[in-house]
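Novice: So I've got this file, my_file_15.tsv, and it contains TSV, C-alpha atoms:
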```
chain	number	residue	atom	x	y	z
A	1	MET	CA	-77.47	-39.43	69.61
A	2	LYS	CA	-74.73	-41.81	70.75
A	3	LEU	CA	-74.60	-45.41	69.61
A	4	ASN	CA	-75.27	-46.85	73.07
A	5	VAL	CA	-78.39	-44.67	73.36
A	6	ALA	CA	-79.70	-46.12	70.09
A	7	GLU	CA	-78.96	-49.67	71.26
A	8	ARG	CA	-80.77	-49.10	74.57
A	9	LEU	CA	-83.75	-47.78	72.62
A	10	LEU	CA	-83.82	-50.96	70.55
A	11	GLU	CA	-83.73	-53.06	73.72
A	12	LYS	CA	-86.66	-51.10	75.18
A	13	TYR	CA	-88.55	-51.59	71.93
A	14	ALA	CA	-87.97	-55.36	71.92
A	15	GLU	CA	-89.25	-55.56	75.51
A	16	GLY	CA	-92.33	-53.46	74.74
A	17	ASN	CA	-91.30	-50.70	77.15
A	18	CYS	CA	-91.06	-47.79	74.69
A	19	ARG	CA	-93.29	-44.74	74.83
A	20	PRO	CA	-95.49	-44.42	71.71
A	21	ASP	CA	-93.22	-41.75	70.22
A	22	GLU	CA	-90.11	-43.90	70.83
A	23	ALA	CA	-91.77	-46.95	69.27
A	24	MET	CA	-92.76	-44.82	66.28
A	25	LEU	CA	-89.17	-43.68	65.92
A	26	VAL	CA	-87.79	-47.22	65.83
A	27	GLU	CA	-90.42	-48.37	63.34
A	28	LEU	CA	-89.80	-45.46	60.98
A	29	TRP	CA	-86.04	-46.02	61.26
A	30	PHE	CA	-86.53	-49.68	60.42
A	31	GLU	CA	-88.97	-48.80	57.64
A	32	SER	CA	-86.34	-46.57	56.00
A	33	LEU	CA	-84.27	-49.75	55.53
A	34	GLU	CA	-87.05	-52.29	55.01
A	35	PRO	CA	-90.16	-50.60	53.55
A	36	ASN	CA	-92.62	-53.47	54.00
A	37	LEU	CA	-93.08	-52.93	57.72
A	38	VAL	CA	-95.80	-55.03	59.30
A	39	ALA	CA	-97.70	-54.69	62.56
A	40	ALA	CA	-95.32	-54.94	65.49
A	41	ASP	CA	-96.62	-57.49	67.98
A	42	ALA	CA	-94.30	-58.88	70.66
A	43	LEU	CA	-92.55	-61.29	68.29
A	44	GLU	CA	-92.29	-58.67	65.56
A	45	ARG	CA	-90.75	-56.12	67.93
A	46	LYS	CA	-87.98	-58.57	68.79
A	47	ARG	CA	-87.39	-59.28	65.11
A	48	ILE	CA	-87.18	-55.59	64.24
A	49	SER	CA	-84.81	-54.87	67.12
A	50	ALA	CA	-82.56	-57.81	66.19
A	51	LYS	CA	-82.43	-56.79	62.54
A	52	MET	CA	-81.53	-53.20	63.42
A	53	LYS	CA	-78.70	-54.35	65.69
A	54	LEU	CA	-77.49	-56.70	62.96
A	55	HIS	CA	-77.58	-53.81	60.50
A	56	ILE	CA	-75.37	-51.76	62.85
A	57	ASP	CA	-72.87	-54.62	63.22
A	58	ARG	CA	-72.73	-55.28	59.48
A	59	ALA	CA	-72.26	-51.60	58.77
A	60	ALA	CA	-69.25	-51.64	61.11
A	61	GLY	CA	-67.60	-54.66	59.47
A	62	ARG	CA	-64.41	-56.31	60.73
A	63	ARG	CA	-61.85	-55.55	58.00
A	64	PHE	CA	-60.18	-52.64	59.73
A	65	GLY	CA	-57.61	-52.73	62.49
A	66	ASN	CA	-59.10	-49.97	64.64
A	67	TYR	CA	-62.50	-51.67	64.95
A	68	LYS	CA	-63.87	-49.42	67.68
A	69	LEU	CA	-63.09	-46.25	65.73
A	70	PHE	CA	-64.46	-47.64	62.49
A	71	ARG	CA	-67.59	-48.96	64.24
A	72	SER	CA	-68.38	-45.46	65.42
A	73	LEU	CA	-67.78	-43.99	61.98
A	74	ALA	CA	-69.41	-46.71	59.90
A	75	VAL	CA	-72.61	-46.76	61.86
A	76	ALA	CA	-72.93	-42.98	61.65
A	77	ALA	CA	-74.78	-43.16	58.33
A	78	SER	CA	-77.42	-45.43	59.81
A	79	ILE	CA	-77.66	-43.48	63.06
A	80	ALA	CA	-78.02	-40.25	61.06
A	81	VAL	CA	-81.44	-41.45	59.98
A	82	LEU	CA	-82.38	-41.98	63.61
A	83	ILE	CA	-81.01	-38.58	64.64
A	84	GLY	CA	-82.97	-36.83	61.89
A	85	LEU	CA	-86.15	-38.62	62.81
A	86	ALA	CA	-85.59	-38.00	66.50
A	87	PHE	CA	-85.24	-34.27	65.88
A	88	TYR	CA	-88.70	-34.15	64.36
A	89	LEU	CA	-90.47	-37.01	66.08
A	90	LEU	CA	-89.25	-37.33	69.66
A	91	LYS	CA	-91.94	-35.13	71.08
A	92	PRO	CA	-95.13	-36.02	72.92
A	93	VAL	CA	-97.72	-37.84	70.83
A	94	PRO	CA	-101.06	-35.98	70.98
A	95	GLN	CA	-103.17	-37.71	73.57
A	96	MET	CA	-106.05	-39.83	72.32
A	97	SER	CA	-109.06	-40.53	74.48
A	98	ALA	CA	-109.45	-43.98	75.97
A	99	LYS	CA	-112.62	-44.34	73.89
A	100	LEU	CA	-110.79	-43.61	70.64
A	101	ILE	CA	-107.91	-45.95	71.51
A	102	ALA	CA	-110.31	-48.77	72.35
A	103	PHE	CA	-112.24	-48.20	69.11
A	104	ALA	CA	-109.15	-47.89	66.86
A	105	LYS	CA	-107.56	-51.02	68.33
A	106	GLN	CA	-110.57	-53.04	67.23
A	107	VAL	CA	-110.62	-51.72	63.65
A	108	LYS	CA	-108.61	-54.11	61.51
A	109	PRO	CA	-107.28	-53.41	58.00
A	110	GLY	CA	-109.22	-54.39	54.89
A	111	ARG	CA	-109.34	-57.91	53.53
A	112	GLN	CA	-110.51	-60.02	50.60
A	113	GLN	CA	-114.24	-59.39	50.31
A	114	ALA	CA	-116.61	-58.49	47.51
A	115	TYR	CA	-120.15	-58.87	46.18
A	116	LEU	CA	-120.89	-60.38	42.77
A	117	THR	CA	-124.10	-59.66	40.84
A	118	LEU	CA	-124.76	-62.10	38.01
A	119	ALA	CA	-126.45	-61.36	34.69
A	120	ASN	CA	-129.69	-62.87	36.03
A	121	GLY	CA	-129.70	-60.40	38.94
A	122	LYS	CA	-128.61	-62.88	41.62
A	123	ARG	CA	-126.25	-61.28	44.17
A	124	MET	CA	-123.77	-63.26	46.25
A	125	VAL	CA	-121.14	-62.55	48.91
A	126	LEU	CA	-117.84	-63.85	47.57
A	127	ASN	CA	-116.00	-64.04	50.89
A	128	ASP	CA	-118.70	-66.47	52.11
A	129	ARG	CA	-118.19	-68.78	49.15
A	130	GLY	CA	-115.85	-71.76	49.19
A	131	THR	CA	-113.35	-72.49	46.46
A	132	GLY	CA	-114.43	-74.05	43.18
A	133	LEU	CA	-117.43	-73.34	40.98
A	134	VAL	CA	-119.30	-70.16	41.97
A	135	ALA	CA	-121.75	-69.98	39.06
A	136	ALA	CA	-122.29	-71.02	35.45
A	137	GLU	CA	-124.37	-68.81	33.22
A	138	ASN	CA	-124.73	-68.13	29.53
A	139	GLY	CA	-121.76	-70.23	28.53
A	140	ILE	CA	-119.38	-68.96	31.20
A	141	GLN	CA	-118.02	-70.77	34.24
A	142	ILE	CA	-117.05	-68.62	37.23
A	143	ARG	CA	-114.64	-70.19	39.71
A	144	LYS	CA	-113.06	-68.99	42.93
A	145	THR	CA	-109.47	-70.03	43.70
A	146	ALA	CA	-107.96	-70.72	47.11
A	147	ALA	CA	-106.18	-67.35	46.83
A	148	GLY	CA	-109.55	-65.57	46.60
A	149	GLU	CA	-109.33	-64.84	42.87
A	150	LEU	CA	-112.38	-64.98	40.61
A	151	ILE	CA	-111.73	-66.67	37.24
A	152	TYR	CA	-114.03	-66.49	34.20
A	153	LYS	CA	-113.74	-69.20	31.58
A	154	ILE	CA	-115.73	-69.81	28.41
A	155	CYS	CA	-117.52	-73.14	28.67
A	156	LYS	CA	-118.71	-74.55	25.35
A	157	ALA	CA	-120.44	-77.45	27.07
A	158	CYS	CA	-122.74	-75.10	29.00
A	159	GLN	CA	-123.69	-72.75	26.15
A	160	PRO	CA	-127.45	-72.03	26.21
A	161	GLN	CA	-127.64	-72.74	22.49
A	162	GLU	CA	-125.17	-74.21	20.05
A	163	ASN	CA	-122.58	-71.60	18.97
A	164	SER	CA	-124.45	-68.92	20.94
A	165	PRO	CA	-122.00	-66.47	22.57
A	166	ALA	CA	-122.31	-65.67	26.28
A	167	LYS	CA	-124.35	-62.54	26.86
A	168	GLY	CA	-125.10	-60.26	29.78
A	169	PHE	CA	-123.05	-58.38	32.36
A	170	ASN	CA	-121.62	-59.14	35.78
A	171	THR	CA	-120.83	-56.53	38.42
A	172	ILE	CA	-118.35	-56.97	41.24
A	173	GLU	CA	-118.30	-54.53	44.17
A	174	THR	CA	-115.67	-54.22	46.88
A	175	PRO	CA	-117.08	-52.53	50.00
A	176	ARG	CA	-115.11	-50.19	52.23
A	177	GLY	CA	-112.58	-52.42	53.93
A	178	GLY	CA	-112.47	-54.83	50.99
A	179	LYS	CA	-110.37	-55.75	47.95
A	180	TYR	CA	-110.59	-58.42	45.26
A	181	GLN	CA	-109.09	-59.62	42.01
A	182	LEU	CA	-110.47	-61.41	38.96
A	183	ARG	CA	-109.44	-62.80	35.61
A	184	LEU	CA	-111.74	-62.07	32.67
A	185	PRO	CA	-112.45	-64.56	29.85
A	186	ASP	CA	-109.86	-62.88	27.59
A	187	GLY	CA	-107.14	-63.37	30.24
A	188	THR	CA	-107.10	-59.77	31.49
A	189	MET	CA	-106.31	-59.48	35.21
A	190	VAL	CA	-108.05	-56.85	37.38
A	191	TRP	CA	-107.27	-55.92	40.99
A	192	LEU	CA	-109.93	-53.84	42.76
A	193	ASN	CA	-109.20	-51.51	45.67
A	194	ALA	CA	-111.68	-50.80	48.48
A	195	GLY	CA	-114.95	-49.04	47.66
A	196	SER	CA	-114.93	-49.91	43.95
A	197	THR	CA	-117.48	-51.18	41.43
A	198	PHE	CA	-116.51	-52.95	38.20
A	199	LYS	CA	-119.00	-53.90	35.45
A	200	TYR	CA	-118.00	-56.17	32.59
A	201	PRO	CA	-119.63	-58.41	29.95
A	202	LEU	CA	-119.65	-62.18	30.30
A	203	ASN	CA	-118.13	-62.34	26.85
A	204	PHE	CA	-116.48	-59.57	24.83
A	205	GLU	CA	-118.30	-59.05	21.53
A	206	GLY	CA	-117.76	-56.67	18.62
A	207	ASN	CA	-114.56	-54.78	17.91
A	208	LYS	CA	-113.94	-53.55	21.49
A	209	ARG	CA	-113.56	-55.04	24.97
A	210	SER	CA	-115.49	-52.48	27.03
A	211	VAL	CA	-115.79	-52.36	30.83
A	212	GLU	CA	-116.89	-49.75	33.41
A	213	LEU	CA	-115.14	-48.72	36.64
A	214	SER	CA	-116.07	-46.59	39.63
A	215	GLY	CA	-113.29	-46.48	42.23
A	216	GLU	CA	-109.77	-47.78	41.77
A	217	ALA	CA	-108.36	-50.74	39.87
A	218	TYR	CA	-105.08	-52.01	38.51
A	219	PHE	CA	-105.23	-53.72	35.10
A	220	GLU	CA	-102.96	-56.16	33.30
A	221	VAL	CA	-104.67	-56.32	29.94
A	222	ALA	CA	-104.27	-59.37	27.71
A	223	LYS	CA	-102.85	-58.35	24.34
A	224	ASP	CA	-105.24	-58.35	21.40
A	225	SER	CA	-104.35	-55.91	18.62
A	226	ARG	CA	-107.72	-56.37	16.88
A	227	HIS	CA	-109.86	-55.66	19.96
A	228	PRO	CA	-108.88	-52.61	22.04
A	229	PHE	CA	-109.64	-52.79	25.77
A	230	VAL	CA	-111.67	-49.75	26.86
A	231	VAL	CA	-112.27	-48.70	30.48
A	232	GLN	CA	-114.97	-46.10	31.01
A	233	SER	CA	-114.84	-44.26	34.35
A	234	LYS	CA	-115.94	-40.91	35.73
A	235	LEU	CA	-115.70	-38.35	32.89
A	236	GLN	CA	-113.14	-40.27	30.85
A	237	GLU	CA	-112.35	-43.44	28.96
A	238	VAL	CA	-109.04	-45.23	28.59
A	239	GLU	CA	-108.20	-47.32	25.52
A	240	VAL	CA	-105.40	-49.89	25.36
A	241	LEU	CA	-104.35	-52.89	23.31
A	242	GLY	CA	-102.44	-54.75	26.00
A	243	THR	CA	-100.68	-53.08	28.92
A	244	HIS	CA	-100.41	-52.50	32.69
A	245	PHE	CA	-102.03	-49.41	34.20
A	246	ASN	CA	-103.90	-48.06	37.22
A	247	ILE	CA	-107.05	-45.90	37.34
A	248	SER	CA	-108.26	-44.02	40.40
A	249	SER	CA	-111.75	-42.65	39.78
A	250	TYR	CA	-113.70	-42.28	43.03
A	251	TYR	CA	-116.97	-40.34	43.00
A	252	ASN	CA	-116.01	-38.31	46.11
A	253	GLU	CA	-112.64	-37.13	44.79
A	254	SER	CA	-112.13	-34.19	42.47
A	255	SER	CA	-109.63	-35.82	40.12
A	256	VAL	CA	-109.38	-38.93	37.98
A	257	LYS	CA	-105.85	-40.32	37.78
A	258	THR	CA	-104.56	-42.79	35.18
A	259	THR	CA	-101.03	-44.15	35.63
A	260	LEU	CA	-99.19	-46.20	33.03
A	261	LEU	CA	-96.63	-48.84	33.98
A	262	GLU	CA	-96.11	-50.66	30.71
A	263	GLY	CA	-97.12	-50.25	27.06
A	264	ALA	CA	-99.27	-47.29	25.99
A	265	VAL	CA	-102.74	-45.98	26.78
A	266	LYS	CA	-104.95	-43.32	25.26
A	267	VAL	CA	-106.96	-41.25	27.74
A	268	ARG	CA	-109.95	-39.32	26.37
A	269	SER	CA	-112.21	-36.98	28.31
A	270	LEU	CA	-115.93	-37.55	27.89
A	271	PRO	CA	-118.45	-34.97	26.62
A	272	ALA	CA	-119.69	-34.15	30.12
A	273	LEU	CA	-116.79	-31.70	30.34
A	274	ASN	CA	-117.43	-28.82	27.98
A	275	GLU	CA	-113.89	-27.57	27.50
A	276	THR	CA	-112.15	-30.94	27.38
A	277	ALA	CA	-114.75	-32.94	25.50
A	278	GLY	CA	-113.05	-34.99	22.84
A	279	LYS	CA	-109.53	-34.11	23.99
A	280	SER	CA	-107.14	-37.01	24.44
A	281	VAL	CA	-103.59	-37.75	25.55
A	282	THR	CA	-101.38	-40.78	25.02
A	283	LEU	CA	-99.36	-41.86	28.03
A	284	LYS	CA	-95.90	-43.38	28.10
A	285	PRO	CA	-94.65	-45.66	30.90
A	286	GLY	CA	-94.07	-43.67	34.09
A	287	GLN	CA	-96.59	-40.99	33.16
A	288	GLN	CA	-99.87	-40.11	34.84
A	289	SER	CA	-102.82	-38.18	33.48
A	290	VAL	CA	-104.91	-36.13	35.90
A	291	LEU	CA	-108.39	-34.99	34.92
A	292	ILE	CA	-109.71	-32.17	37.13
A	293	LYS	CA	-112.84	-30.29	36.10
A	294	ASP	CA	-111.95	-28.85	32.69
A	295	GLN	CA	-108.25	-29.74	32.61
A	296	LEU	CA	-106.50	-32.90	31.44
A	297	LYS	CA	-102.80	-32.84	32.33
A	298	VAL	CA	-99.93	-35.29	32.00
A	299	GLY	CA	-96.85	-35.56	34.19
A	300	GLN	CA	-94.01	-37.91	35.09
A	301	ILE	CA	-94.43	-39.61	38.48
A	302	ASP	CA	-93.00	-42.37	40.64
A	303	ILE	CA	-95.30	-45.24	39.68
A	304	GLU	CA	-94.84	-46.83	43.11
A	305	ASP	CA	-96.88	-43.95	44.54
A	306	ALA	CA	-99.83	-44.92	42.35
A	307	ILE	CA	-99.78	-48.70	42.90
A	308	GLY	CA	-98.57	-48.78	46.51
A	309	TRP	CA	-102.08	-49.94	47.53
A	310	LYS	CA	-101.62	-53.12	45.48
A	311	GLN	CA	-98.31	-53.78	47.26
A	312	GLY	CA	-99.86	-53.31	50.70
A	313	LEU	CA	-98.75	-49.74	51.32
A	314	PHE	CA	-100.19	-46.27	51.63
A	315	ILE	CA	-97.69	-43.99	49.86
A	316	PHE	CA	-98.14	-40.24	50.07
A	317	ASP	CA	-96.07	-37.55	48.37
A	318	GLU	CA	-97.22	-34.07	49.42
A	319	ASP	CA	-100.80	-35.30	49.14
A	320	PRO	CA	-103.62	-33.18	50.60
A	321	LEU	CA	-104.75	-34.56	53.96
A	322	VAL	CA	-108.30	-34.91	52.65
A	323	GLU	CA	-107.07	-37.43	50.03
A	324	VAL	CA	-104.98	-39.23	52.64
A	325	MET	CA	-108.01	-39.60	54.90
A	326	HIS	CA	-110.23	-40.76	52.04
A	327	LYS	CA	-107.87	-43.70	51.57
A	328	ILE	CA	-107.78	-44.42	55.29
A	329	SER	CA	-111.59	-44.19	55.47
A	330	ARG	CA	-112.12	-46.64	52.60
A	331	TRP	CA	-109.56	-49.19	53.77
A	332	TYR	CA	-110.64	-49.26	57.42
A	333	ASP	CA	-114.36	-48.64	56.79
A	334	VAL	CA	-114.59	-45.64	59.12
A	335	ASP	CA	-116.11	-42.18	58.73
A	336	ILE	CA	-113.84	-39.12	58.80
A	337	THR	CA	-114.85	-35.55	59.65
A	338	PHE	CA	-112.69	-32.40	59.58
A	339	ALA	CA	-113.42	-30.09	62.53
A	340	ASP	CA	-111.61	-27.34	60.61
A	341	PRO	CA	-112.07	-27.53	56.81
A	342	SER	CA	-108.77	-25.68	56.25
A	343	LEU	CA	-106.94	-28.79	57.49
A	344	LYS	CA	-108.02	-30.62	54.34
A	345	ASN	CA	-105.27	-28.91	52.36
A	346	THR	CA	-102.49	-29.83	54.82
A	347	ARG	CA	-99.84	-31.72	52.85
A	348	PHE	CA	-98.59	-35.11	53.97
A	349	SER	CA	-95.72	-37.32	52.79
A	350	GLY	CA	-94.68	-40.78	53.93
A	351	SER	CA	-95.53	-44.46	53.64
A	352	ILE	CA	-97.57	-46.60	56.01
A	353	SER	CA	-98.24	-50.32	55.84
A	354	ARG	CA	-101.87	-51.20	55.05
A	355	ASN	CA	-101.46	-54.20	57.36
A	356	LEU	CA	-101.38	-52.06	60.50
A	357	SER	CA	-104.31	-51.59	62.85
A	358	LEU	CA	-106.17	-48.29	62.60
A	359	LEU	CA	-104.65	-47.22	65.93
A	360	LYS	CA	-101.10	-47.59	64.57
A	361	VAL	CA	-102.00	-45.58	61.48
A	362	LEU	CA	-103.56	-42.76	63.53
A	363	GLU	CA	-100.48	-42.66	65.77
A	364	LYS	CA	-98.21	-42.28	62.75
A	365	LEU	CA	-100.37	-39.56	61.23
A	366	SER	CA	-100.67	-37.61	64.47
A	367	VAL	CA	-96.90	-37.62	65.04
A	368	THR	CA	-95.86	-36.69	61.52
A	369	GLY	CA	-98.89	-34.74	60.26
A	370	GLY	CA	-99.37	-32.10	62.95
A	371	ILE	CA	-102.93	-33.20	63.69
A	372	ARG	CA	-104.88	-34.95	66.45
A	373	PHE	CA	-107.92	-37.18	66.45
A	374	SER	CA	-111.05	-37.59	68.55
A	375	LEU	CA	-114.08	-39.85	68.30
A	376	GLU	CA	-117.77	-39.04	68.08
A	377	GLN	CA	-119.92	-42.17	67.79
A	378	ARG	CA	-118.13	-44.04	64.95
A	379	SER	CA	-116.77	-40.93	63.23
A	380	ILE	CA	-113.14	-39.88	63.64
A	381	ILE	CA	-112.78	-36.11	64.02
A	382	ILE	CA	-109.58	-34.42	62.78
A	383	ARG	CA	-108.35	-31.34	64.62
A	384	GLU	CA	-105.23	-29.25	64.88
A	385	LYS	CA	-102.75	-30.14	67.60
```
Please go through the file and, once you have read it, give me the structure as structure tokens.
Specialist:
Amino acid sequence: MKLNVAERLLEKYAEGNCRPDEAMLVELWFESLEPNLVAADALERKRISAKMKLHIDRAAGRRFGNYKLFRSLAVAASIAVLIGLAFYLLKPVPQMSAKLIAFAKQVKPGRQQAYLTLANGKRMVLNDRGTGLVAAENGIQIRKTAAGELIYKICKACQPQENSPAKGFNTIETPRGGKYQLRLPDGTMVWLNAGSTFKYPLNFEGNKRSVELSGEAYFEVAKDSRHPFVVQSKLQEVEVLGTHFNISSYYNESSVKTTLLEGAVKVRSLPALNETAGKSVTLKPGQQSVLIKDQLKVGQIDIEDAIGWKQGLFIFDEDPLVEVMHKISRWYDVDITFADPSLKNTRFSGSISRNLSLLKVLEKLSVTGGIRFSLEQRSIIIREK
């Protein structure tokens, strides 16, 4: 591909005149240089096009006498990305029905929303609450910040009895299409991904700080060498003293994944698994444990793959399509059905912004994943091309 062809493509993109496959090409090219790609509206298209042209000019530089020759050579590295992508991607995008396009355009990405159940059984919708005091119970004040964070703080003035510790449990649930974060009374920070449930005591008592998780969460645990922090999830428990880690433990997925970013964690399988009951592993930073049926394995991984969701990205590395679509389903609150079950094991790699509309995500998947989509009622059907 010649340089002037690439520049004309960028001009078409800025004007909104690209075919879907051409627009996809430009966005993936841009994303290879600036990973945090956001939805490309008219203003964003112009920004992307301008930045790509600026990148070409900067790559050329002006230090050399034969500027034209050097411009052609210097920009080759950048254009090589475009050529490689064009080879694989400049082909017709599988046609989507008008009904599917209309539906997918309306489906927006997830947002800050959650439900909180107090110790007294009262349930409230957090995204409907204003900032400030949400509740006060059993010696604990619960406040919501302007950023949508839930903060727990011990309140001696509102203790039910003098020197009586706060008792009871709270449960926070993020629905499909939701996320939330909270700070526990000990200072531990918890970020919840879509479709997750987190149960925790109002006040940590005894020699352990124990909580329960179903779904996915990222933890930054406050250090306390005398009181280990224990997370119990599907078929395992994780024990730490103070560290940063991620757990993915969804009921509809076959594996439980624990990824360590900082410090050390001990992962122990629970007695429900006959062959791994009582077995444990200690993770080092950059390691991930995977619990599948009767096997508990540890491997080195790119931690960005595990916490991409917290940074606003879907990141896939040879992941089975069924796992990819589970994440899409939870984040966009849509149902997914495989017309051919064998497609579930199709492997997919790449990164996609979680800020995009569902339509943009489906376009990217259909171009790069060798699949096509249709719509039946509110369920998205996955088929071969």
Novice: Have a look at CA of Gly110 (chain A) and CA of Thr131 (chain A) and let me know their distance in Å, one decimal.
Specialist: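 Spanning CA of Gly110 (chain A) to CA of Thr131 (chain A) is a straight-line distance of 20.4 Å.
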Novice: What separation in Å, quoted to one decimal, exists between CA of Pro341 (chain A) and CA of Ser97 (chain A)?
Specialist: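 Between CA of Pro341 (chain A) and CA of Ser97 (chain A) the gap works out to 22.1 Å.
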Novice: Which of these residues is nearest to Gln377 (chain A), using all atoms listed in the file: A:Val322, A:Leu100, A:Ile292, A:Leu182?
Specialist: A:Leu100
Novice: Just give me the gap between CA of Gly242 (chain A) and CA of Val298 (chain A) in Å, one decimal is fine.
Specialist: 20.5 Å
Novice: Ranking A:Val361, A:Ala23, A:Ala194, A:Val267 by minimum distance to Arg330 (chain A) and counting all atoms listed in the file, which one comes first?
Specialist: A:Ala194
Novice: Excluding same-chain residues fewer than 3 positions from Gln287 (chain A), what lies within 12 Å of it counting only C-alpha atoms, as a PyMOL selection string?
Specialist: chain A and resi 245-246+257-267+281-284+290+297-306
Novice: So that I can see what lies close to Asp335 (chain A), please list as JSON, numbers by chain the residues with an atom at most 7 Å from it, counting only C-alpha atoms and leaving out residues fewer than 4 positions away in the same chain.
Specialist: {"A": [329, 378, 379, 380]}
Novice: Restricting the calculation to all atoms listed in the file: of A:Glu237, A:Glu253, A:Asp294, A:Glu216, which residue gets closest to Arg268 (chain A)?
Specialist: A:Glu237
Novice: Which residue gives the smallest distance to Leu356 (chain A) among A:Thr174, A:Lys105, A:Leu202, A:Thr337, with all atoms listed in the file counted?
Specialist: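 Using all atoms listed in the file, Leu356 (chain A) sits closest to A:Lys105.
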Novice: Write out as a list of chain:residue names each polymer residue whose atoms come within 6 Å of region 142-146 of chain A, counting only C-alpha atoms; drop sequence neighbours fewer than 6 positions from it.
Specialist: A:Thr131, A:Gly132, A:Leu133, A:Val134, A:Ala135, A:Tyr152
Novice: Quick one: residues within 9 Å of region 203-209 of chain A, only C-alpha atoms, excluding same-chain residues fewer than 3 positions away - as a VMD selection string?
Specialist: chain A and resid 139 to 140 154 165 to 169 184 to 186 200 226 to 231
Novice: Taking the point (-109.7, -56.7, 38.7) as given in the file, collect each protein or nucleic acid residue that comes within 10 Å of it, counting all atoms listed in the file, and present the set as a list of chain:residue names.
Specialist: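 Neighbouring residues, ordered by chain and number, come to A:Glu149, A:Leu150, A:Ile172, A:Lys179, A:Tyr180, A:Gln181, A:Leu182, A:Arg183, A:Leu184, A:Thr188, A:Met189, A:Val190, A:Trp191, A:Leu192, A:Asn193, A:Thr197, A:Phe198, A:Leu213, A:Glu216, A:Ala217, A:Tyr218, A:Phe219, A:Glu220.
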Novice: From the list A:Asp319, A:Glu384, A:Asp333, A:Asp128, which residue is nearest Gly195 (chain A) when using only C-alpha atoms?
Specialist: A:Asp333
Novice: From the set A:Ile352, A:Ile336, A:Ala119, A:Met325, which residue has the shortest atom-to-atom contact distance to Gly312 (chain A), counting all atoms listed in the file?
Specialist: A:Ile352
Novice: Copy region 95-109 of chain A out of the block into a file, keeping N, CA and C atoms, as a PDB file, in the first residue's frame.
Specialist:
```pdb
ATOM      1  N   GLN A  95     -22.617  -9.390   6.362  1.00  0.00           N
ATOM      2  CA  GLN A  95     -23.780  -8.518   6.437  1.00  0.00           C
ATOM      3  C   GLN A  95     -24.601  -8.818   7.695  1.00  0.00           C
ATOM      4  N   MET A  96     -25.016  -7.759   8.363  1.00  0.00           N
ATOM      5  CA  MET A  96     -25.927  -7.895   9.497  1.00  0.00           C
ATOM      6  C   MET A  96     -27.293  -7.401   9.053  1.00  0.00           C
ATOM      7  N   SER A  97     -28.324  -8.005   9.583  1.00  0.00           N
ATOM      8  CA  SER A  97     -29.673  -7.577   9.231  1.00  0.00           C
ATOM      9  C   SER A  97     -29.933  -6.179   9.784  1.00  0.00           C
ATOM     10  N   ALA A  98     -30.853  -5.484   9.142  1.00  0.00           N
ATOM     11  CA  ALA A  98     -31.222  -4.142   9.603  1.00  0.00           C
ATOM     12  C   ALA A  98     -31.742  -4.197  11.038  1.00  0.00           C
ATOM     13  N   LYS A  99     -32.433  -5.288  11.372  1.00  0.00           N
ATOM     14  CA  LYS A  99     -32.968  -5.449  12.728  1.00  0.00           C
ATOM     15  C   LYS A  99     -31.846  -5.564  13.751  1.00  0.00           C
ATOM     16  N   LEU A 100     -30.817  -6.346  13.423  1.00  0.00           N
ATOM     17  CA  LEU A 100     -29.685  -6.502  14.341  1.00  0.00           C
ATOM     18  C   LEU A 100     -28.935  -5.185  14.491  1.00  0.00           C
ATOM     19  N   ILE A 101     -28.693  -4.493  13.373  1.00  0.00           N
ATOM     20  CA  ILE A 101     -27.970  -3.219  13.428  1.00  0.00           C
ATOM     21  C   ILE A 101     -28.717  -2.215  14.297  1.00  0.00           C
ATOM     22  N   ALA A 102     -30.025  -2.125  14.095  1.00  0.00           N
ATOM     23  CA  ALA A 102     -30.834  -1.190  14.883  1.00  0.00           C
ATOM     24  C   ALA A 102     -30.786  -1.543  16.368  1.00  0.00           C
ATOM     25  N   PHE A 103     -30.852  -2.834  16.681  1.00  0.00           N
ATOM     26  CA  PHE A 103     -30.803  -3.284  18.070  1.00  0.00           C
ATOM     27  C   PHE A 103     -29.441  -2.995  18.692  1.00  0.00           C
ATOM     28  N   ALA A 104     -28.358  -3.384  17.985  1.00  0.00           N
ATOM     29  CA  ALA A 104     -27.005  -3.249  18.531  1.00  0.00           C
ATOM     30  C   ALA A 104     -26.595  -1.795  18.699  1.00  0.00           C
ATOM     31  N   LYS A 105     -27.107  -0.914  17.852  1.00  0.00           N
ATOM     32  CA  LYS A 105     -26.793   0.511  17.987  1.00  0.00           C
ATOM     33  C   LYS A 105     -27.336   1.075  19.297  1.00  0.00           C
ATOM     34  N   GLN A 106     -28.460   0.525  19.729  1.00  0.00           N
ATOM     35  CA  GLN A 106     -29.113   1.041  20.934  1.00  0.00           C
ATOM     36  C   GLN A 106     -28.495   0.493  22.219  1.00  0.00           C
ATOM     37  N   VAL A 107     -27.761  -0.602  22.124  1.00  0.00           N
ATOM     38  CA  VAL A 107     -27.203  -1.233  23.322  1.00  0.00           C
ATOM     39  C   VAL A 107     -25.895  -0.537  23.692  1.00  0.00           C
ATOM     40  N   LYS A 108     -25.912   0.169  24.793  1.00  0.00           N
ATOM     41  CA  LYS A 108     -24.752   0.913  25.252  1.00  0.00           C
ATOM     42  C   LYS A 108     -23.901   0.056  26.195  1.00  0.00           C
ATOM     43  N   PRO A 109     -22.637   0.419  26.375  1.00  0.00           N
ATOM     44  CA  PRO A 109     -21.776  -0.340  27.293  1.00  0.00           C
ATOM     45  C   PRO A 109     -22.230  -0.191  28.738  1.00  0.00           C
TER      46      PRO A 109
END
```
